[in-house]
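Report on one structure; see the data block that follows.
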Amino acid sequence: MSDAVTEADIQLIQKILPHRYPFLLVDKVHSIDGTQSAIGIKNVTMNEPHFQGHFPGNPIMPGVTIVEAMAQTTAVMVGASLGLTDGNLLVYFMAIDGCKFRRKVVPGDVLEMKVETTRGKPGSKVWRFKGVASVEGEMAAEAEFTAMMDLQA
């Protein structure tokens, strides 16, 4: 029987990521396939602070927060797969490439982020990922990004 982690609920996510409200942007991660791929879920709600100003009367999730949600999904995937649940994993963007936005994301949407590792392995400090965020099967955003995994002592 395998002890491989295949999903992360909010309790496990908070053991891996240092992020907290209002910047914790992933509610659940499932279909974790080691450090290779995973699917993150973000339930978009009106009470998120960015909707007060983006935009009044026409709330739209900022594109940068969609990309950040994809990055947080990758950090959970890697952290869960490598057993890094002690809160000392920090992940820093190094590059964001080919980022495109295709659809508005609004309160009430369920944002699904499919991410995969394109470069990186246990022990690596620099990793590269590809992510696609969608709502009800319709692409909302896509990006490739490079991140540095930093384990704090």
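Scheme for the structure tokens: letters A, B, ... for chains in order shown; per-chain residue numbers from 1; ligand numbers from 1 in order shown.
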
Self-check item: Those in stretch 75-135 of chain A with helix (DSSP H, G or I) from DSSP, as a list in words
Solution: Ala75, Val76, Met77, Val78, Gly79, Ala80 and Ser81 of chain A

Which residues of stretch 37-103 of chain A have any atom within 7 Å of an atom in stretch 8-27 of chain A when counting only C-alpha atoms, and what is the closest pair of atoms for each, with the distance in Å to one decimal? Order the rows by chain and rising number and write it as a Markdown table.
```
| residue | atom | partner | partner_atom | distance |
| --- | --- | --- | --- | --- |
| A:Gly40 | CA | A:Val26 | CA | 6.4 |
| A:Ile41 | CA | A:Asp27 | CA | 5.7 |
| A:Lys42 | CA | A:Val26 | CA | 4.8 |
| A:Asn43 | CA | A:Asp27 | CA | 6.9 |
| A:Ala69 | CA | A:Leu25 | CA | 5.1 |
| A:Gln72 | CA | A:Val26 | CA | 6.8 |
| A:Thr73 | CA | A:Val26 | CA | 6.6 |
| A:Val76 | CA | A:Ile13 | CA | 6.3 |
| A:Gly79 | CA | A:Ile16 | CA | 6.0 |
| A:Leu84 | CA | A:Ile16 | CA | 6.2 |
| A:Thr85 | CA | A:Ile16 | CA | 4.6 |
| A:Asp86 | CA | A:Lys15 | CA | 5.9 |
| A:Gly87 | CA | A:Ile16 | CA | 5.1 |
| A:Leu89 | CA | A:Ile16 | CA | 6.8 |
```

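Among the candidate residues A:Lys104, A:Tyr92, A:His54, A:Ile39, the one lying nearest to A:Met139 is A:Lys104, with distances computed using only C-alpha atoms.
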
Quiz prompt | All residues 9 Å or closer to A:Pro122, only C-alpha atoms, same chain fewer than 2 positions away omitted, as a ChimeraX atom specification | solution = /A:35,78,82,120,124-125

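For the residues A:Ala143, A:Ala80, A:Met46, A:Val132, ranking by smallest atom-to-atom distance to A:Gly98 using only C-alpha atoms places A:Ala143 first.
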
Quiz item: Which residues, written as a ChimeraX atom specification, have at least one atom at most 10 Å from A:Ala141, with only C-alpha atoms counted and residues fewer than 2 positions away on the same chain left out?
Solution: /A:63,66-67,70,99-105,113,131-135,138-139,143

Those same residues - C-alpha atoms - I'd like them written as an mmCIF file, in the first residue's frame.
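What ended up in out_4.cif:
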```cif
data_model
loop_
_atom_site.group_PDB
_atom_site.id
_atom_site.type_symbol
_atom_site.label_atom_id
_atom_site.label_comp_id
_atom_site.auth_asym_id
_atom_site.auth_seq_id
_atom_site.Cartn_x
_atom_site.Cartn_y
_atom_site.Cartn_z
ATOM 1 C CA GLY A 63 -5.132 38.152 -13.238
ATOM 2 C CA ILE A 66 -5.050 33.754 -10.717
ATOM 3 C CA VAL A 67 -1.364 33.206 -11.528
ATOM 4 C CA MET A 70 -1.613 28.396 -9.804
ATOM 5 C CA CYS A 99 0.853 34.406 -19.517
ATOM 6 C CA LYS A 100 -2.510 34.851 -21.224
ATOM 7 C CA PHE A 101 -5.955 35.652 -19.884
ATOM 8 C CA ARG A 102 -8.979 34.305 -21.757
ATOM 9 C CA ARG A 103 -12.022 34.732 -19.518
ATOM 10 C CA LYS A 104 -13.161 36.808 -16.556
ATOM 11 C CA VAL A 105 -13.228 35.075 -13.177
ATOM 12 C CA MET A 113 -5.937 25.078 -11.741
ATOM 13 C CA GLY A 131 -0.467 25.983 -15.380
ATOM 14 C CA VAL A 132 -3.917 26.358 -16.863
ATOM 15 C CA ALA A 133 -6.765 27.869 -14.863
ATOM 16 C CA SER A 134 -10.327 27.262 -15.998
ATOM 17 C CA VAL A 135 -13.924 27.753 -14.933
ATOM 18 C CA GLU A 138 -13.411 27.170 -20.153
ATOM 19 C CA MET A 139 -9.820 28.429 -19.982
ATOM 20 C CA ALA A 143 1.171 30.624 -17.820
#
```

Quiz item: Please, which residues of chain A, numbered as in this document, come out strand (DSSP E) from DSSP, as a count of residues only?
Solution: 60

Quiz item: Can you tell me, as a PyMOL selection string, what residues are no more than 10 Å from A:Asp33 when counting only C-alpha atoms, ignoring any on the same chain fewer than 2 positions away?
Solution: chain A and resi 4-7+30-31+35-39+77-78+81+116

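Separating atom CA of A:Ile96 from atom CA of A:Thr45 is a distance of 25.8 Å.
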
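Using only C-alpha atoms, the nearest neighbour of A:Asp109 within the list A:Asp3, A:Thr65, A:Val44, A:Phe145 is A:Val44.
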
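Rounded to one decimal, atom CA of A:Thr74 and atom CA of A:Gly34 lie 10.9 Å from each other.
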